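Right, one structure below, let's go through it.
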Amino acid sequence: MSTDGPANICLVGLMGSGKSTVAPLLAGRLGLEHIDLDKEIALRQGRTIMMIFADPGEESFRREEQVVLQHFCSRDGLVIDCGGGIVLAADNRPCLKSNFTVYLQTTPETLVLRVGSAAGRPLLQGDEPILDRLAALLSSREPLYRECAALTVATDGRTPVEIADQIIAHLPTSLKPAVS
Ligand code: S3P
């Protein structure tokens, strides 16, 4: 890899946009390391994301998310699968912008199919229909995803392989595998 330009790929988008399927696929194709930020947070805390949201709560989760993002952003050669709320903290956005951030754009109708029962997703619990909740989250976050992303890929009706292909076709030179 070249030393100039973005050093990591970050995937952003709502729950169900396909980040956790596309990230390992992309990492495998490019010979990069895959990091799942939610898994890292759960490991550090020794508890699931649901448990952290229940106690000590979302604010504490967001602080931890920021610490973990900064940690991995200081490395290189990673495909970072970010939680859907990563763009909420203003301090996270410069880090996303300095890497090659890809927004996996997905309609609420597709998201609702992909998240299924929403098990393990604290923000989708409660009585509000999941479709309405996802639509509300999308309308508040979409401008932030777009602000941070160098590339937007529409995922509705497309396979993870097609999505990974599109990302690879748009990679900056700094992230292209060296040709030997
Ligand atoms: C969240 C998304 C989740 C997880 C947490 C909060 C969000 O990650 O970080 O439940 O705010 O959208 P995924 O987007 O990977 O499901």
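The chains in the structure tokens are called A, B, ... from first to last as shown; in each chain the residues are counted from 1, and the ligands are counted from 1 in the order shown.
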Residues of chain A that approach ligand 1 to 7 Å or less, counting only C-alpha atoms and all ligand atoms: could you list each one with the shortest pair of atoms and its distance in Å to one decimal, rows by chain and increasing residue number, as JSON lines?
{"residue": "A:Gly13", "atom": "CA", "partner": "ligand 1", "partner_atom_place_in_ligand_line": "14 (O)", "distance": 6.7}
{"residue": "A:Leu14", "atom": "CA", "partner": "ligand 1", "partner_atom_place_in_ligand_line": "14 (O)", "distance": 5.2}
{"residue": "A:Met15", "atom": "CA", "partner": "ligand 1", "partner_atom_place_in_ligand_line": "14 (O)", "distance": 3.7}
{"residue": "A:Gly16", "atom": "CA", "partner": "ligand 1", "partner_atom_place_in_ligand_line": "16 (O)", "distance": 6.5}
{"residue": "A:Lys19", "atom": "CA", "partner": "ligand 1", "partner_atom_place_in_ligand_line": "15 (O)", "distance": 6.8}
{"residue": "A:Ser20", "atom": "CA", "partner": "ligand 1", "partner_atom_place_in_ligand_line": "15 (O)", "distance": 6.7}
{"residue": "A:Asp38", "atom": "CA", "partner": "ligand 1", "partner_atom_place_in_ligand_line": "9 (O)", "distance": 5.5}
{"residue": "A:Ile49", "atom": "CA", "partner": "ligand 1", "partner_atom_place_in_ligand_line": "10 (O)", "distance": 6.2}
{"residue": "A:Cys82", "atom": "CA", "partner": "ligand 1", "partner_atom_place_in_ligand_line": "15 (O)", "distance": 6.1}
{"residue": "A:Gly83", "atom": "CA", "partner": "ligand 1", "partner_atom_place_in_ligand_line": "8 (O)", "distance": 3.5}
{"residue": "A:Gly84", "atom": "CA", "partner": "ligand 1", "partner_atom_place_in_ligand_line": "12 (O)", "distance": 3.4}
{"residue": "A:Gly85", "atom": "CA", "partner": "ligand 1", "partner_atom_place_in_ligand_line": "11 (O)", "distance": 3.5}
{"residue": "A:Arg121", "atom": "CA", "partner": "ligand 1", "partner_atom_place_in_ligand_line": "10 (O)", "distance": 4.8}
{"residue": "A:Pro122", "atom": "CA", "partner": "ligand 1", "partner_atom_place_in_ligand_line": "10 (O)", "distance": 5.4}
{"residue": "A:Leu123", "atom": "CA", "partner": "ligand 1", "partner_atom_place_in_ligand_line": "10 (O)", "distance": 6.0}
>> Taking 6 positions as the minimum chain separation for residues in the same chain, which residues sit within 9 Å of region 168-177 of chain A when counting only C-alpha atoms? Answer as a list in words.
In response: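 Listed by chain and then number, they are Met1, Ser2, Thr3, Asp4, Gly5, Pro6, Ala7, Asn8, Ile9, Leu26, Arg29, Leu30, Gly31, Gly77, Phe100 and Leu151 of chain A.
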>> Considering only helix (DSSP H, G or I) as DSSP defines it on the backbone, what residues of region 12-177 of chain A qualify? List them as an MDAnalysis selection string.
In response: chainID A and resid 19:30 37:45 49:54 58:73 90:98 108:115 122:124 130:148 160:169 173:175
Could you pull the residues within 10 Å of Phe72 (chain A), counting only C-alpha atoms, minus those fewer than 4 positions along the same chain, as a PDB file with all heavy atoms, in the first residue's frame?
ATOM      1  N   ASN A   8      -7.395   3.381   5.914  1.00  0.00           N
ATOM      2  CA  ASN A   8      -8.362   2.345   6.294  1.00  0.00           C
ATOM      3  C   ASN A   8      -9.664   2.564   5.523  1.00  0.00           C
ATOM      4  O   ASN A   8      -9.955   3.684   5.093  1.00  0.00           O
ATOM      5  CB  ASN A   8      -8.700   2.438   7.792  1.00  0.00           C
ATOM      6  CG  ASN A   8      -7.481   2.285   8.674  1.00  0.00           C
ATOM      7  OD1 ASN A   8      -6.862   1.228   8.719  1.00  0.00           O
ATOM      8  ND2 ASN A   8      -7.113   3.365   9.376  1.00  0.00           N
ATOM      9  N   ILE A  35     -12.168  -5.308  11.234  1.00  0.00           N
ATOM     10  CA  ILE A  35     -12.460  -4.961  12.631  1.00  0.00           C
ATOM     11  C   ILE A  35     -13.944  -4.626  12.749  1.00  0.00           C
ATOM     12  O   ILE A  35     -14.463  -3.786  12.005  1.00  0.00           O
ATOM     13  CB  ILE A  35     -11.638  -3.707  13.070  1.00  0.00           C
ATOM     14  CG1 ILE A  35     -10.122  -3.949  12.974  1.00  0.00           C
ATOM     15  CG2 ILE A  35     -12.032  -3.256  14.478  1.00  0.00           C
ATOM     16  CD1 ILE A  35      -9.573  -4.961  13.936  1.00  0.00           C
ATOM     17  N   LEU A  37     -16.376  -2.887  15.161  1.00  0.00           N
ATOM     18  CA  LEU A  37     -16.277  -2.011  16.345  1.00  0.00           C
ATOM     19  C   LEU A  37     -17.193  -2.459  17.480  1.00  0.00           C
ATOM     20  O   LEU A  37     -16.812  -2.400  18.648  1.00  0.00           O
ATOM     21  CB  LEU A  37     -16.600  -0.557  15.980  1.00  0.00           C
ATOM     22  CG  LEU A  37     -15.544   0.240  15.219  1.00  0.00           C
ATOM     23  CD1 LEU A  37     -15.912   1.721  15.232  1.00  0.00           C
ATOM     24  CD2 LEU A  37     -14.146   0.048  15.758  1.00  0.00           C
ATOM     25  N   VAL A  67     -13.726   5.966  21.723  1.00  0.00           N
ATOM     26  CA  VAL A  67     -12.373   5.530  22.101  1.00  0.00           C
ATOM     27  C   VAL A  67     -11.884   4.441  21.152  1.00  0.00           C
ATOM     28  O   VAL A  67     -10.755   4.467  20.645  1.00  0.00           O
ATOM     29  CB  VAL A  67     -12.376   5.004  23.569  1.00  0.00           C
ATOM     30  CG1 VAL A  67     -11.072   4.298  23.902  1.00  0.00           C
ATOM     31  CG2 VAL A  67     -12.663   6.132  24.545  1.00  0.00           C
ATOM     32  N   VAL A  68     -12.761   3.493  20.873  1.00  0.00           N
ATOM     33  CA  VAL A  68     -12.380   2.361  20.029  1.00  0.00           C
ATOM     34  C   VAL A  68     -12.140   2.823  18.584  1.00  0.00           C
ATOM     35  O   VAL A  68     -11.183   2.406  17.932  1.00  0.00           O
ATOM     36  CB  VAL A  68     -13.464   1.251  20.128  1.00  0.00           C
ATOM     37  CG1 VAL A  68     -13.201   0.125  19.157  1.00  0.00           C
ATOM     38  CG2 VAL A  68     -13.496   0.689  21.541  1.00  0.00           C
ATOM     39  N   ASP A  76      -3.415   1.240  10.266  1.00  0.00           N
ATOM     40  CA  ASP A  76      -3.712   1.244   8.827  1.00  0.00           C
ATOM     41  C   ASP A  76      -3.982  -0.178   8.337  1.00  0.00           C
ATOM     42  O   ASP A  76      -3.798  -1.145   9.075  1.00  0.00           O
ATOM     43  CB  ASP A  76      -2.608   1.936   8.016  1.00  0.00           C
ATOM     44  CG  ASP A  76      -1.263   1.265   8.194  1.00  0.00           C
ATOM     45  OD1 ASP A  76      -1.237   0.033   8.380  1.00  0.00           O
ATOM     46  OD2 ASP A  76      -0.246   1.958   8.152  1.00  0.00           O
ATOM     47  N   GLY A  77      -4.513  -0.266   7.126  1.00  0.00           N
ATOM     48  CA  GLY A  77      -4.774  -1.571   6.527  1.00  0.00           C
ATOM     49  C   GLY A  77      -5.977  -2.292   7.118  1.00  0.00           C
ATOM     50  O   GLY A  77      -6.025  -3.518   7.110  1.00  0.00           O
ATOM     51  N   LEU A  78      -6.952  -1.544   7.588  1.00  0.00           N
ATOM     52  CA  LEU A  78      -8.123  -2.169   8.214  1.00  0.00           C
ATOM     53  C   LEU A  78      -9.398  -1.882   7.427  1.00  0.00           C
ATOM     54  O   LEU A  78      -9.531  -0.830   6.798  1.00  0.00           O
ATOM     55  CB  LEU A  78      -8.334  -1.611   9.636  1.00  0.00           C
ATOM     56  CG  LEU A  78      -7.143  -1.654  10.591  1.00  0.00           C
ATOM     57  CD1 LEU A  78      -7.523  -0.980  11.917  1.00  0.00           C
ATOM     58  CD2 LEU A  78      -6.717  -3.099  10.843  1.00  0.00           C
ATOM     59  N   VAL A  79     -10.323  -2.841   7.487  1.00  0.00           N
ATOM     60  CA  VAL A  79     -11.696  -2.572   7.050  1.00  0.00           C
ATOM     61  C   VAL A  79     -12.510  -2.507   8.339  1.00  0.00           C
ATOM     62  O   VAL A  79     -12.652  -3.511   9.050  1.00  0.00           O
ATOM     63  CB  VAL A  79     -12.251  -3.683   6.130  1.00  0.00           C
ATOM     64  CG1 VAL A  79     -13.691  -3.370   5.752  1.00  0.00           C
ATOM     65  CG2 VAL A  79     -11.394  -3.816   4.870  1.00  0.00           C
ATOM     66  N   ILE A  80     -12.983  -1.311   8.676  1.00  0.00           N
ATOM     67  CA  ILE A  80     -13.647  -1.097   9.964  1.00  0.00           C
ATOM     68  C   ILE A  80     -15.158  -1.046   9.763  1.00  0.00           C
ATOM     69  O   ILE A  80     -15.681  -0.176   9.062  1.00  0.00           O
ATOM     70  CB  ILE A  80     -13.141   0.205  10.632  1.00  0.00           C
ATOM     71  CG1 ILE A  80     -11.605   0.195  10.742  1.00  0.00           C
ATOM     72  CG2 ILE A  80     -13.783   0.382  12.002  1.00  0.00           C
ATOM     73  CD1 ILE A  80     -11.005   1.495  11.275  1.00  0.00           C
ATOM     74  N   CYS A  95     -12.266  11.679  11.844  1.00  0.00           N
ATOM     75  CA  CYS A  95     -11.589  10.386  11.710  1.00  0.00           C
ATOM     76  C   CYS A  95     -12.179   9.601  10.529  1.00  0.00           C
ATOM     77  O   CYS A  95     -11.447   9.017   9.719  1.00  0.00           O
ATOM     78  CB  CYS A  95     -11.782   9.663  13.046  1.00  0.00           C
ATOM     79  SG  CYS A  95     -11.342   7.983  13.027  1.00  0.00           S
TER      80      CYS A  95
END
> So which one's closest to Ile86 (chain A), A:Cys148, A:Ala27, A:Leu43, A:Ala154? Using only C-alpha atoms, please.
Replying inline: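 Selected residue with least distance to Ile86 (chain A): A:Cys148.
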Counting only C-alpha atoms, what is within 12 Å of Ile130 (chain A), bar same-chain residues fewer than 5 positions away, as a CSV table (one decimal) with C-alpha atoms, in the first residue's frame?
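Output contents, as saved in selection09.csv:
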chain,number,residue,atom,x,y,z
A,15,MET,CA,-28.4,-1.5,11.1
A,16,GLY,CA,-29.2,-3.9,8.3
A,108,PRO,CA,-36.1,1.4,5.4
A,109,GLU,CA,-38.2,-1.3,3.5
A,110,THR,CA,-35.0,-3.3,2.9
A,111,LEU,CA,-33.5,-2.6,6.3
A,112,VAL,CA,-36.6,-4.0,8.1
A,113,LEU,CA,-36.3,-7.2,6.1
A,114,ARG,CA,-32.7,-7.6,7.0
A,115,VAL,CA,-32.9,-6.9,10.7
A,116,GLY,CA,-35.7,-9.5,11.2
A,117,SER,CA,-36.8,-9.6,14.8
A,118,ALA,CA,-34.3,-7.0,15.8
A,119,ALA,CA,-32.9,-9.2,18.5
A,121,ARG,CA,-30.5,-4.3,18.7
A,122,PRO,CA,-31.3,-2.0,21.6
A,123,LEU,CA,-32.5,0.9,19.4
A,124,LEU,CA,-35.2,-1.2,17.8
A,125,GLN,CA,-36.9,-2.4,21.0
A,135,ALA,CA,-37.2,5.4,8.8
A,136,ALA,CA,-36.8,8.0,11.6
A,137,LEU,CA,-33.2,7.0,12.3
>> Which residue is closest to Glu147 (chain A)? Choose from A:Leu134, A:Asp127, A:Ile167, A:Pro94 and count only C-alpha atoms.
In response: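 Nearest to Glu147 (chain A): A:Pro94.
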